[in-house]
$ cat upload-v5.txt   # compact mmCIF, C-alpha atoms and all ligand atoms
# COMPACT_ATOMS: atom_id res chain seq x y z
CA ARG V 21 -3.11 5.27 16.56
CA LYS V 22 -2.01 5.53 12.94
CA LEU V 23 0.23 8.06 11.24
CA ASN V 24 -1.97 10.07 8.87
CA ILE V 25 -0.07 10.54 5.63
CA ALA V 26 -0.85 12.67 2.55
CA LEU V 27 0.71 11.54 -0.72
CA ILE V 28 2.06 14.34 -2.94
CA GLY V 29 2.18 13.45 -6.64
CA LEU V 30 -0.20 10.74 -7.84
CA GLY V 31 1.90 9.17 -10.58
CA TYR V 32 3.02 5.60 -11.18
CA TYR V 33 4.78 4.87 -7.90
CA ALA V 34 2.12 6.47 -5.68
CA THR V 35 -0.76 4.85 -7.57
CA TYR V 36 0.47 1.32 -8.16
CA GLN V 37 2.97 0.70 -5.35
CA LEU V 38 2.39 2.99 -2.36
CA ALA V 39 -1.39 3.37 -2.23
CA PRO V 40 -2.11 -0.40 -2.25
CA ALA V 41 0.60 -0.92 0.41
CA PHE V 42 -1.31 1.12 3.01
CA ALA V 43 -4.08 -1.47 3.22
CA GLN V 44 -1.79 -3.99 4.89
CA THR V 45 -0.27 -1.64 7.47
CA GLN V 46 -1.16 -1.25 11.12
CA PHE V 47 0.45 2.16 11.67
CA ALA V 48 0.13 4.02 8.35
CA ASN V 49 -3.06 5.63 7.09
CA LEU V 50 -3.57 7.12 3.62
CA ALA V 51 -5.32 10.24 4.88
CA GLY V 52 -4.87 12.81 2.12
CA VAL V 53 -3.64 13.60 -1.38
CA VAL V 54 -1.93 16.51 -3.12
CA SER V 55 -2.22 16.68 -6.90
CA GLY V 56 -2.38 19.16 -9.77
CA THR V 57 -5.06 17.08 -11.52
CA PRO V 58 -8.61 17.53 -10.08
CA SER V 59 -9.91 14.33 -11.76
CA LYS V 60 -7.25 12.25 -9.99
CA ILE V 61 -8.29 13.74 -6.65
CA GLU V 62 -11.91 12.74 -7.34
CA ASP V 63 -10.84 9.16 -8.15
CA TRP V 64 -8.65 8.85 -5.07
CA LYS V 65 -11.33 10.32 -2.77
CA LYS V 66 -13.72 7.58 -3.85
CA LYS V 67 -11.26 4.72 -3.97
CA TYR V 68 -9.57 5.39 -0.62
CA ASN V 69 -12.35 7.16 1.24
CA ILE V 70 -10.38 10.39 1.57
CA PRO V 71 -12.35 13.41 2.86
CA GLU V 72 -12.40 16.58 0.71
CA LYS V 73 -10.78 18.59 3.51
CA ASN V 74 -7.62 16.44 3.20
CA CYS V 75 -7.17 17.15 -0.53
CA TYR V 76 -4.87 19.87 -1.83
CA ASN V 77 -3.33 21.11 -5.05
CA TYR V 78 0.21 22.45 -5.45
CA GLN V 79 -0.96 26.06 -4.95
CA ASN V 80 -3.05 25.70 -1.78
CA PHE V 81 -0.83 23.00 -0.26
CA ASP V 82 0.60 25.34 2.43
CA LYS V 83 -2.88 25.46 4.05
CA ILE V 84 -2.11 21.94 5.28
CA ILE V 85 -0.56 23.70 8.31
CA GLU V 86 -4.13 24.14 9.61
CA ASN V 87 -5.04 20.47 9.13
CA LYS V 88 -4.71 18.50 12.34
CA ASP V 89 -5.74 15.31 10.55
CA ILE V 90 -2.52 15.11 8.52
CA ASP V 91 0.68 14.21 10.40
CA ALA V 92 3.06 13.59 7.51
CA VAL V 93 3.44 14.01 3.77
CA TYR V 94 5.02 11.55 1.35
CA ILE V 95 6.64 13.27 -1.66
CA VAL V 96 6.41 11.16 -4.83
CA LEU V 97 7.08 13.89 -7.39
CA PRO V 98 9.82 14.22 -10.05
CA ASN V 99 13.20 14.56 -8.31
CA SER V 100 13.61 18.31 -8.90
CA MET V 101 10.40 19.01 -6.92
CA HIS V 102 11.36 17.08 -3.75
CA HIS V 103 13.27 20.00 -2.22
CA GLU V 104 10.50 22.57 -2.64
CA PHE V 105 7.79 20.34 -1.19
CA ALA V 106 9.96 19.09 1.67
CA LEU V 107 10.61 22.69 2.70
CA ARG V 108 6.94 23.65 2.39
CA ALA V 109 5.84 20.57 4.36
CA ALA V 110 8.38 21.19 7.13
CA LYS V 111 7.19 24.81 7.34
CA ALA V 112 3.67 23.48 7.80
CA GLY V 113 4.91 21.33 10.70
CA LYS V 114 4.43 17.99 8.90
CA HIS V 115 6.84 15.05 9.00
CA VAL V 116 8.37 14.42 5.60
CA ILE V 117 8.77 11.12 3.81
CA CYS V 118 10.50 11.69 0.48
CA GLU V 119 11.28 9.41 -2.43
CA LYS V 120 14.79 8.69 -3.62
CA PRO V 121 16.88 10.44 -4.82
CA MET V 122 16.06 12.82 -1.96
CA ALA V 123 17.02 15.84 -4.10
CA VAL V 124 19.02 16.81 -7.18
CA SER V 125 22.02 18.27 -5.34
CA VAL V 126 23.92 18.13 -2.07
CA ARG V 127 22.94 21.73 -1.35
CA GLU V 128 19.22 20.90 -1.67
CA ALA V 129 19.60 17.77 0.49
CA GLU V 130 21.35 19.77 3.22
CA GLU V 131 18.62 22.42 3.13
CA MET V 132 15.93 19.76 3.48
CA ILE V 133 17.66 18.26 6.53
CA ALA V 134 18.11 21.72 8.09
CA ALA V 135 14.48 22.70 7.42
CA CYS V 136 13.09 19.53 9.02
CA LYS V 137 15.40 19.90 12.00
CA LYS V 138 14.34 23.51 12.49
CA ALA V 139 10.66 22.55 12.29
CA GLY V 140 11.13 19.63 14.68
CA VAL V 141 9.80 17.08 12.17
CA GLN V 142 11.35 13.87 10.90
CA LEU V 143 12.72 13.42 7.39
CA ALA V 144 12.64 9.87 6.02
CA ILE V 145 13.86 8.76 2.57
CA GLY V 146 12.06 6.00 0.64
CA TYR V 147 14.91 3.47 0.54
CA ARG V 148 12.45 0.56 0.53
CA LEU V 149 15.17 -2.13 0.33
CA HIS V 150 16.39 -1.26 3.82
CA TYR V 151 13.09 -2.70 5.09
CA GLU V 152 13.24 -6.01 3.20
CA PRO V 153 14.81 -9.33 4.32
CA PHE V 154 17.30 -10.04 1.47
CA THR V 155 18.89 -6.61 1.82
CA ASN V 156 18.92 -6.93 5.60
CA GLU V 157 20.83 -10.21 5.18
CA VAL V 158 23.43 -8.48 2.96
CA MET V 159 23.81 -5.85 5.70
CA ARG V 160 24.08 -8.55 8.39
CA LEU V 161 26.85 -10.35 6.47
CA ALA V 162 28.84 -7.09 6.37
CA ARG V 163 28.37 -6.67 10.12
CA GLU V 164 28.81 -10.23 11.38
CA LYS V 165 31.31 -11.38 8.75
CA ASP V 166 30.08 -14.99 8.32
CA PHE V 167 32.30 -15.15 5.21
CA GLY V 168 35.02 -12.81 6.48
CA LYS V 169 35.75 -9.30 5.31
CA VAL V 170 34.31 -7.90 2.09
CA LYS V 171 36.91 -7.78 -0.68
CA PHE V 172 34.94 -6.77 -3.77
CA VAL V 173 31.44 -5.60 -4.65
CA GLU V 174 29.84 -5.46 -8.06
CA ALA V 175 26.53 -3.60 -7.95
CA SER V 176 24.70 -2.56 -11.09
CA PHE V 177 21.20 -1.37 -11.93
CA GLY V 178 19.98 -0.25 -15.32
CA PHE V 179 16.96 -0.58 -17.58
CA LYS V 180 15.94 0.43 -21.05
CA LEU V 181 14.40 3.90 -21.25
CA ARG V 182 14.13 5.67 -24.61
CA ASP V 183 11.07 7.91 -24.17
CA THR V 184 12.53 11.36 -24.77
CA ASN V 185 9.38 13.00 -23.34
CA ALA V 186 9.76 11.35 -19.94
CA TRP V 187 10.80 13.66 -17.06
CA ARG V 188 13.47 11.03 -16.24
CA MET V 189 15.20 11.96 -19.52
CA LYS V 190 15.34 15.68 -18.67
CA LYS V 191 18.11 16.95 -16.45
CA ALA V 192 16.01 19.84 -15.16
CA PHE V 193 13.49 17.36 -13.68
CA ALA V 194 15.62 14.34 -12.88
CA GLY V 195 18.87 16.06 -11.88
CA GLY V 196 20.74 13.61 -14.11
CA GLY V 197 20.14 10.33 -15.89
CA PRO V 198 20.06 6.69 -14.74
CA MET V 199 22.50 7.50 -11.90
CA MET V 200 19.80 9.56 -10.17
CA ASP V 201 17.02 7.09 -10.89
CA VAL V 202 18.43 3.58 -10.43
CA GLY V 203 22.22 3.96 -10.14
CA ILE V 204 21.49 5.25 -6.64
CA TYR V 205 20.36 1.70 -5.69
CA ALA V 206 23.66 0.24 -6.85
CA LEU V 207 25.58 2.93 -4.98
CA ASN V 208 23.53 2.39 -1.83
CA ALA V 209 24.11 -1.38 -2.18
CA SER V 210 27.88 -0.97 -2.32
CA ARG V 211 27.61 0.98 0.94
CA TYR V 212 25.35 -1.54 2.73
CA ALA V 213 27.22 -4.56 1.36
CA THR V 214 30.49 -3.28 2.86
CA GLY V 215 28.93 -1.50 5.84
CA GLU V 216 31.41 1.30 5.13
CA GLU V 217 31.55 4.77 3.57
CA PRO V 218 33.77 5.09 0.48
CA VAL V 219 36.91 7.23 0.57
CA SER V 220 37.41 7.86 -3.13
CA VAL V 221 35.73 7.47 -6.51
CA THR V 222 36.67 7.18 -10.17
CA ALA V 223 34.08 7.15 -12.97
CA GLN V 224 33.66 6.98 -16.74
CA TRP V 225 30.70 7.57 -19.01
CA VAL V 226 29.85 6.17 -22.41
CA LYS V 227 27.22 7.44 -24.84
CA THR V 228 26.38 5.21 -27.80
CA ASP V 229 23.13 6.98 -28.70
CA PRO V 230 23.52 10.77 -28.32
CA GLU V 231 20.29 11.41 -30.27
CA ILE V 232 18.17 9.74 -27.58
CA TYR V 233 20.25 10.54 -24.50
CA LYS V 234 20.70 14.24 -25.33
CA ASP V 235 20.28 15.82 -21.97
CA ILE V 236 21.54 13.15 -19.56
CA GLU V 237 24.12 10.40 -19.24
CA GLU V 238 23.28 7.12 -20.98
CA THR V 239 25.68 4.74 -19.22
CA LEU V 240 27.92 5.46 -16.26
CA PHE V 241 30.58 3.22 -14.69
CA TRP V 242 32.13 4.01 -11.32
CA GLN V 243 34.53 2.48 -8.84
CA LEU V 244 34.78 3.12 -5.09
CA LYS V 245 37.50 2.40 -2.55
CA PHE V 246 36.44 1.63 1.02
CA PRO V 247 38.53 2.22 4.16
CA GLY V 248 38.63 -1.51 5.07
CA GLY V 249 40.28 -2.32 1.74
CA ALA V 250 37.16 -3.37 -0.20
CA ILE V 251 36.63 -2.00 -3.69
CA SER V 252 33.43 -1.78 -5.73
CA SER V 253 32.55 -1.52 -9.37
CA SER V 254 29.15 -0.36 -10.64
CA THR V 255 27.24 0.33 -13.81
CA THR V 256 24.04 2.24 -14.36
CA THR V 257 22.36 2.72 -17.71
CA TYR V 258 19.15 3.56 -19.57
CA ASN V 259 20.36 1.44 -22.46
CA GLY V 260 20.16 -2.12 -21.13
CA ASN V 261 18.89 -4.31 -18.31
CA VAL V 262 21.03 -5.17 -15.28
CA HIS V 263 19.80 -5.79 -11.72
CA ARG V 264 22.72 -7.45 -10.04
CA LEU V 265 24.60 -7.43 -6.73
CA PHE V 266 27.70 -9.58 -6.28
CA VAL V 267 29.75 -9.54 -3.09
CA SER V 268 33.04 -11.36 -2.77
CA TYR V 269 34.15 -12.00 0.82
CA GLU V 270 37.42 -13.49 2.09
CA ASN V 271 35.74 -16.91 2.39
CA GLY V 272 32.74 -16.94 0.12
CA ASN V 273 30.39 -14.86 -1.97
CA LEU V 274 26.84 -13.66 -2.41
CA GLU V 275 24.98 -13.12 -5.62
CA MET V 276 21.56 -11.50 -6.02
CA SER V 277 19.67 -10.97 -9.25
CA PRO V 278 17.27 -9.28 -9.24
CA ALA V 279 18.66 -7.36 -6.28
CA TYR V 280 16.67 -4.10 -6.38
CA ASP V 281 13.27 -4.78 -7.98
CA TYR V 282 9.96 -4.80 -6.11
CA GLY V 283 10.39 -8.54 -5.80
CA PRO V 284 10.47 -11.36 -5.45
CA LEU V 285 14.21 -10.84 -5.04
CA LYS V 286 16.45 -13.83 -5.54
CA GLY V 287 19.89 -14.70 -4.29
CA LYS V 288 22.39 -17.29 -3.18
CA THR V 289 25.52 -17.37 -1.09
CA SER V 290 28.34 -19.91 -0.84
CA LYS V 291 26.03 -21.70 1.62
CA GLY V 292 23.14 -22.03 -0.86
CA GLU V 293 19.88 -20.33 -1.80
CA MET V 294 18.84 -17.34 0.29
CA ASN V 295 15.52 -18.65 1.58
CA LEU V 296 14.05 -15.50 3.01
CA PRO V 297 10.51 -14.19 3.26
CA VAL V 298 9.21 -12.38 0.20
CA ILE V 299 7.36 -9.29 1.39
CA LYS V 300 5.92 -6.12 -0.13
CA HIS V 301 8.71 -3.60 0.39
CA GLN V 302 6.45 -0.56 0.43
CA THR V 303 4.27 -2.04 3.19
CA ALA V 304 7.27 -2.86 5.36
CA GLN V 305 8.76 0.59 4.75
CA LEU V 306 5.53 2.49 5.52
CA GLU V 307 4.97 0.40 8.63
CA ALA V 308 8.46 0.89 10.06
CA MET V 309 8.59 4.60 9.26
CA SER V 310 5.12 5.26 10.68
CA GLU V 311 5.83 3.35 13.88
CA ALA V 312 9.11 5.23 14.40
CA ILE V 313 7.55 8.64 13.76
CA LEU V 314 4.54 7.92 16.00
CA ASN V 315 6.88 6.87 18.82
CA ASN V 316 9.27 9.73 18.27
CA ARG V 317 12.13 7.39 17.42
CA PRO V 318 14.58 7.98 14.56
CA VAL V 319 13.67 6.38 11.25
CA ARG V 320 16.00 3.76 9.72
CA THR V 321 16.60 5.79 6.53
CA PRO V 322 16.75 9.47 7.54
CA GLY V 323 17.73 12.48 5.42
CA GLU V 324 21.37 11.89 6.39
CA GLU V 325 21.30 8.54 4.55
CA GLY V 326 20.01 10.29 1.44
CA LEU V 327 22.63 13.04 1.80
CA ARG V 328 25.46 10.46 1.87
CA ASP V 329 24.35 9.11 -1.50
CA MET V 330 23.92 12.63 -2.91
CA LYS V 331 27.49 13.55 -1.92
CA ILE V 332 28.88 10.44 -3.62
CA ILE V 333 26.71 10.98 -6.71
CA GLU V 334 28.09 14.51 -7.09
CA ALA V 335 31.61 13.08 -6.75
CA ILE V 336 30.83 10.37 -9.35
CA TYR V 337 29.71 13.02 -11.86
CA LYS V 338 32.80 15.10 -11.11
CA ALA V 339 35.06 12.07 -11.52
CA ALA V 340 33.45 11.21 -14.87
CA GLU V 341 33.77 14.81 -16.08
CA THR V 342 37.38 15.32 -15.02
CA GLY V 343 38.72 11.78 -15.40
CA LYS V 344 40.32 12.22 -11.97
CA GLU V 345 40.02 10.22 -8.76
CA ILE V 346 37.89 12.26 -6.37
CA LYS V 347 38.49 11.96 -2.61
CA LEU V 348 35.42 11.83 -0.42
P1 LIG W 401 5.58 9.56 -12.42
O1 LIG W 401 5.97 10.39 -13.58
O2 LIG W 401 4.77 8.33 -12.67
O3 LIG W 401 4.80 10.45 -11.34
C1 LIG W 401 5.16 11.77 -11.04
C2 LIG W 401 3.93 12.55 -10.63
O4 LIG W 401 4.30 13.91 -10.43
C3 LIG W 401 2.81 12.52 -11.68
O5 LIG W 401 1.58 12.28 -11.05
C4 LIG W 401 2.83 13.92 -12.26
O6 LIG W 401 1.55 14.36 -12.66
C5 LIG W 401 3.34 14.73 -11.07
N1 LIG W 401 3.92 16.00 -11.48
C6 LIG W 401 3.70 17.17 -10.89
N2 LIG W 401 4.35 18.16 -11.51
C7 LIG W 401 5.01 17.59 -12.54
C8 LIG W 401 5.85 18.12 -13.56
N3 LIG W 401 6.13 19.41 -13.63
N4 LIG W 401 6.37 17.24 -14.46
C9 LIG W 401 6.10 15.94 -14.39
N5 LIG W 401 5.30 15.39 -13.43
C10 LIG W 401 4.75 16.22 -12.52
O7 LIG W 401 6.95 9.20 -11.66
P2 LIG W 401 7.15 8.06 -10.57
O8 LIG W 401 7.74 6.87 -11.23
O9 LIG W 401 5.94 7.89 -9.76
O10 LIG W 401 8.33 8.71 -9.70
C11 LIG W 401 8.08 9.73 -8.73
C12 LIG W 401 9.21 9.72 -7.69
O11 LIG W 401 9.22 8.46 -7.04
C13 LIG W 401 10.62 9.90 -8.26
O12 LIG W 401 11.38 10.67 -7.38
C14 LIG W 401 11.17 8.48 -8.34
O13 LIG W 401 12.58 8.44 -8.21
C15 LIG W 401 10.49 7.83 -7.16
N6 LIG W 401 10.30 6.38 -7.35
C16 LIG W 401 10.74 5.53 -6.40
C17 LIG W 401 10.58 4.18 -6.55
C18 LIG W 401 11.03 3.24 -5.47
O14 LIG W 401 11.05 2.04 -5.72
N7 LIG W 401 11.37 3.73 -4.30
C19 LIG W 401 9.97 3.68 -7.70
C20 LIG W 401 9.50 4.57 -8.67
C21 LIG W 401 9.68 5.93 -8.48
$ encode --input "upload-v5.txt" --output "structure tokens"
Amino acid sequence: RKLNIALIGLGYYATYQLAPAFAQTQFANLAGVVSGTPSKIEDWKKKYNIPEKNCYNYQNFDKIIENKDIDAVYIVLPNSMHHEFALRAAKAGKHVICEKPMAVSVREAEEMIAACKKAGVQLAIGYRLHYEPFTNEVMRLAREKDFGKVKFVEASFGFKLRDTNAWRMKKAFAGGGPMMDVGIYALNASRYATGEEPVSVTAQWVKTDPEIYKDIEETLFWQLKFPGGAISSSTTTYNGNVHRLFVSYENGNLEMSPAYDYGPLKGKTSKGEMNLPVIKHQTAQLEAMSEAILNNRPVRTPGEEGLRDMKIIEAIYKAAETGKEIKL
């Protein structure tokens, strides 16, 4: 049996990354769509053979409670809408898969976790890298310590975005700037590269172009201290390209660039090139999440994983605002 999933929000990521990924899965089925644009629904019905009864708009979405042919929804909307649709889906008794960042605040993330728990449904966050071999190797090195303990991590992710009309540039929709969009990957990487949760954070922001980056941060730098003694340094920005993860261990190092893109990812360690399988992240993620949900097992990246990042992101913003070290 397959997990029947309805995608909510048919924008770039749903259309060009998630939808094609279903074709290669054994356990995930693209069963329905939720969209505010009727013409998109018509296109998707034809292209993916989706029956009319599995199509909804944002107003009639709650009727999905009556639809036995949908098991789960996958929220691929602007960040500020994740919370509302996660709560509505949980209320309708559907499992929730939600894109990163899971929400725009810690409070929202906690409410999403509570709502899914109350409804007895799973909440999974779309951290696709956790399902991909290069990232799994970084995690393994933290666990098995081939090169000894982690001393220092440098994790940065930024790209050039100047379109002032984009929802990503509006705090009300994105919850923040590049930190919310791609900085979260760098933050998550510093956590999986050390295998630890940070204990304190300092941060600084720089704005060179206040005309363009009116509503959100342009560039943000932050530093974390980890309980085992490791420290990390990260940058996120909408004003330049950086896709790098560097880990310095007691007896060696690892360097990946690009470290967070859809792939192929590339990296090397002190032992040489990382020769690992190149896979489609979204396929691996959908497959693992669907199999876990169908078998009533916990997913690898639950709401709690998203909440940890949200708590640190709030602390990073507070540290940048106050100039103080914030304890976690
Ligand atoms: P997008 O702008 O391409 O798509 C967003 C969709 O939401 C559009 O179809 C739009 O019509 C719809 N929408 C509904 N109400 C809207 C409103 N009021 N304003 C704007 N759009 C509205 O964005 P995207 O790149 O597909 O990102 C969607 C989500 O997916 C975000 O949370 C993003 O962080 C996440 N994402 C994750 C990855 C990943 O690699 N995991 C990659 C890209 C995006």
$ residues_near_ligand --input "upload-v5.txt" --ligand "ligand LIG 401 (chain W)" --cutoff "9 Å" --atoms "all atoms listed in the file" --output "NGL selection string"
:V and (28-37 or 55-57 or 60 or 78 or 95-102 or 118-123 or 145-149 or 186-188 or 193-194 or 200-202 or 280-282 or 301-302)
$ residues_around --input "upload-v5.txt" --residues "segment 328-332 of chain V" --least-positions-apart "3" --cutoff "9 Å" --atoms "all atoms listed in the file" --output "short mmCIF file (atom, residue, chain, number, x, y, z; two decimals) with C-alpha atoms, keeping the file's coordinate frame"
data_model
loop_
_atom_site.label_atom_id
_atom_site.label_comp_id
_atom_site.auth_asym_id
_atom_site.auth_seq_id
_atom_site.Cartn_x
_atom_site.Cartn_y
_atom_site.Cartn_z
CA PRO V 121 16.88 10.44 -4.82
CA MET V 122 16.06 12.82 -1.96
CA ALA V 123 17.02 15.84 -4.10
CA VAL V 124 19.02 16.81 -7.18
CA SER V 125 22.02 18.27 -5.34
CA VAL V 126 23.92 18.13 -2.07
CA ALA V 129 19.60 17.77 0.49
CA MET V 200 19.80 9.56 -10.17
CA ILE V 204 21.49 5.25 -6.64
CA LEU V 207 25.58 2.93 -4.98
CA ASN V 208 23.53 2.39 -1.83
CA GLU V 217 31.55 4.77 3.57
CA PRO V 218 33.77 5.09 0.48
CA SER V 220 37.41 7.86 -3.13
CA VAL V 221 35.73 7.47 -6.51
CA GLY V 323 17.73 12.48 5.42
CA GLU V 324 21.37 11.89 6.39
CA GLU V 325 21.30 8.54 4.55
CA ALA V 335 31.61 13.08 -6.75
CA ILE V 336 30.83 10.37 -9.35
CA TYR V 337 29.71 13.02 -11.86
CA LEU V 348 35.42 11.83 -0.42
#
$ atom_distance --input "upload-v5.txt" --atom1 "atom CA of Val267 of chain V" --atom2 "atom CA of Phe172 of chain V"
5.9 Å
$ residues_around --input "upload-v5.txt" --residues "segment 41-51 of chain V" --least-positions-apart "6" --cutoff "6 Å" --atoms "all atoms listed in the file" --output "list in words"
Lys22, Leu23, Asn24, Ile25, Ala26, Gln302, Thr303, Glu307, Ser310 and Glu311 of chain V
$ residues_near_point --input "upload-v5.txt" --point "(14.0, 12.7, 12.6)" --cutoff "10 Å" --atoms "all atoms listed in the file" --output "PyMOL selection string"
chain V and resi 115-116+133+136-137+140-144+312-313+316-324
$ residues_around --input "upload-v5.txt" --residues "Val226 of chain V" --least-positions-apart "2" --cutoff "10 Å" --atoms "all atoms listed in the file" --output "ChimeraX atom specification"
/V:224,228-230,237-241,257,340
$ write_last_selection --input "upload-v5.txt" --atoms "C-alpha atoms" --output "PDB file, in the frame of the given file"
ATOM      1  CA  GLN V 224      33.660   6.980 -16.740  1.00  0.00           C
ATOM      2  CA  THR V 228      26.380   5.210 -27.800  1.00  0.00           C
ATOM      3  CA  ASP V 229      23.130   6.980 -28.700  1.00  0.00           C
ATOM      4  CA  PRO V 230      23.520  10.770 -28.320  1.00  0.00           C
ATOM      5  CA  GLU V 237      24.120  10.400 -19.240  1.00  0.00           C
ATOM      6  CA  GLU V 238      23.280   7.120 -20.980  1.00  0.00           C
ATOM      7  CA  THR V 239      25.680   4.740 -19.220  1.00  0.00           C
ATOM      8  CA  LEU V 240      27.920   5.460 -16.260  1.00  0.00           C
ATOM      9  CA  PHE V 241      30.580   3.220 -14.690  1.00  0.00           C
ATOM     10  CA  THR V 257      22.360   2.720 -17.710  1.00  0.00           C
ATOM     11  CA  ALA V 340      33.450  11.210 -14.870  1.00  0.00           C
TER      12      ALA V 340
END
$ atom_distance --input "upload-v5.txt" --atom1 "atom CA of Phe167 of chain V" --atom2 "atom CA of Gly203 of chain V"
26.5 Å
$ closest_residue --input "upload-v5.txt" --among "V:Lys66, V:Ala192, V:Glu164, V:Thr255" --to "Thr214 of chain V" --atoms "all atoms listed in the file"
V:Glu164
$ closest_residue --input "upload-v5.txt" --among "V:Val170, V:Leu274, V:Ile232, V:Leu161" --to "Gly249 of chain V" --atoms "all atoms listed in the file"
V:Val170
$ atom_distance --input "upload-v5.txt" --atom1 "atom CA of Asn259 of chain V" --atom2 "atom CA of Thr184 of chain V"
12.8 Å
$ closest_residue --input "upload-v5.txt" --among "V:Ala175, V:Ala139, V:Ile85, V:Met309" --to "Ser277 of chain V" --atoms "all atoms listed in the file"
V:Ala175
$ residues_near_point --input "upload-v5.txt" --point "(-12.0, 8.9, -2.2)" --cutoff "12 Å" --atoms "all atoms listed in the file" --output "MDAnalysis selection string"
chainID V and resid 39 50:53 59:75
$ write_last_selection --input "upload-v5.txt" --atoms "C-alpha atoms" --output "PDB file, keeping the file's coordinate frame"
ATOM      1  CA  ALA V  39      -1.390   3.370  -2.230  1.00  0.00           C
ATOM      2  CA  LEU V  50      -3.570   7.120   3.620  1.00  0.00           C
ATOM      3  CA  ALA V  51      -5.320  10.240   4.880  1.00  0.00           C
ATOM      4  CA  GLY V  52      -4.870  12.810   2.120  1.00  0.00           C
ATOM      5  CA  VAL V  53      -3.640  13.600  -1.380  1.00  0.00           C
ATOM      6  CA  SER V  59      -9.910  14.330 -11.760  1.00  0.00           C
ATOM      7  CA  LYS V  60      -7.250  12.250  -9.990  1.00  0.00           C
ATOM      8  CA  ILE V  61      -8.290  13.740  -6.650  1.00  0.00           C
ATOM      9  CA  GLU V  62     -11.910  12.740  -7.340  1.00  0.00           C
ATOM     10  CA  ASP V  63     -10.840   9.160  -8.150  1.00  0.00           C
ATOM     11  CA  TRP V  64      -8.650   8.850  -5.070  1.00  0.00           C
ATOM     12  CA  LYS V  65     -11.330  10.320  -2.770  1.00  0.00           C
ATOM     13  CA  LYS V  66     -13.720   7.580  -3.850  1.00  0.00           C
ATOM     14  CA  LYS V  67     -11.260   4.720  -3.970  1.00  0.00           C
ATOM     15  CA  TYR V  68      -9.570   5.390  -0.620  1.00  0.00           C
ATOM     16  CA  ASN V  69     -12.350   7.160   1.240  1.00  0.00           C
ATOM     17  CA  ILE V  70     -10.380  10.390   1.570  1.00  0.00           C
ATOM     18  CA  PRO V  71     -12.350  13.410   2.860  1.00  0.00           C
ATOM     19  CA  GLU V  72     -12.400  16.580   0.710  1.00  0.00           C
ATOM     20  CA  LYS V  73     -10.780  18.590   3.510  1.00  0.00           C
ATOM     21  CA  ASN V  74      -7.620  16.440   3.200  1.00  0.00           C
ATOM     22  CA  CYS V  75      -7.170  17.150  -0.530  1.00  0.00           C
TER      23      CYS V  75
END
$ closest_residue --input "upload-v5.txt" --among "V:Arg160, V:His150, V:Lys169, V:Lys88" --to "Gly248 of chain V" --atoms "all atoms listed in the file"
V:Lys169
$ residues_around --input "upload-v5.txt" --residues "Gly168 of chain V" --least-positions-apart "5" --cutoff "7 Å" --atoms "all atoms listed in the file" --output "PyMOL selection string"
chain V and resi 269-271
$ closest_residue --input "upload-v5.txt" --among "V:Asn77, V:Lys300, V:Leu107, V:Glu128" --to "Gly195 of chain V" --atoms "all atoms listed in the file"
V:Glu128
$ closest_residue --input "upload-v5.txt" --among "V:Val158, V:Ala112, V:Glu231, V:Lys347" --to "Met294 of chain V" --atoms "only C-alpha atoms"
V:Val158
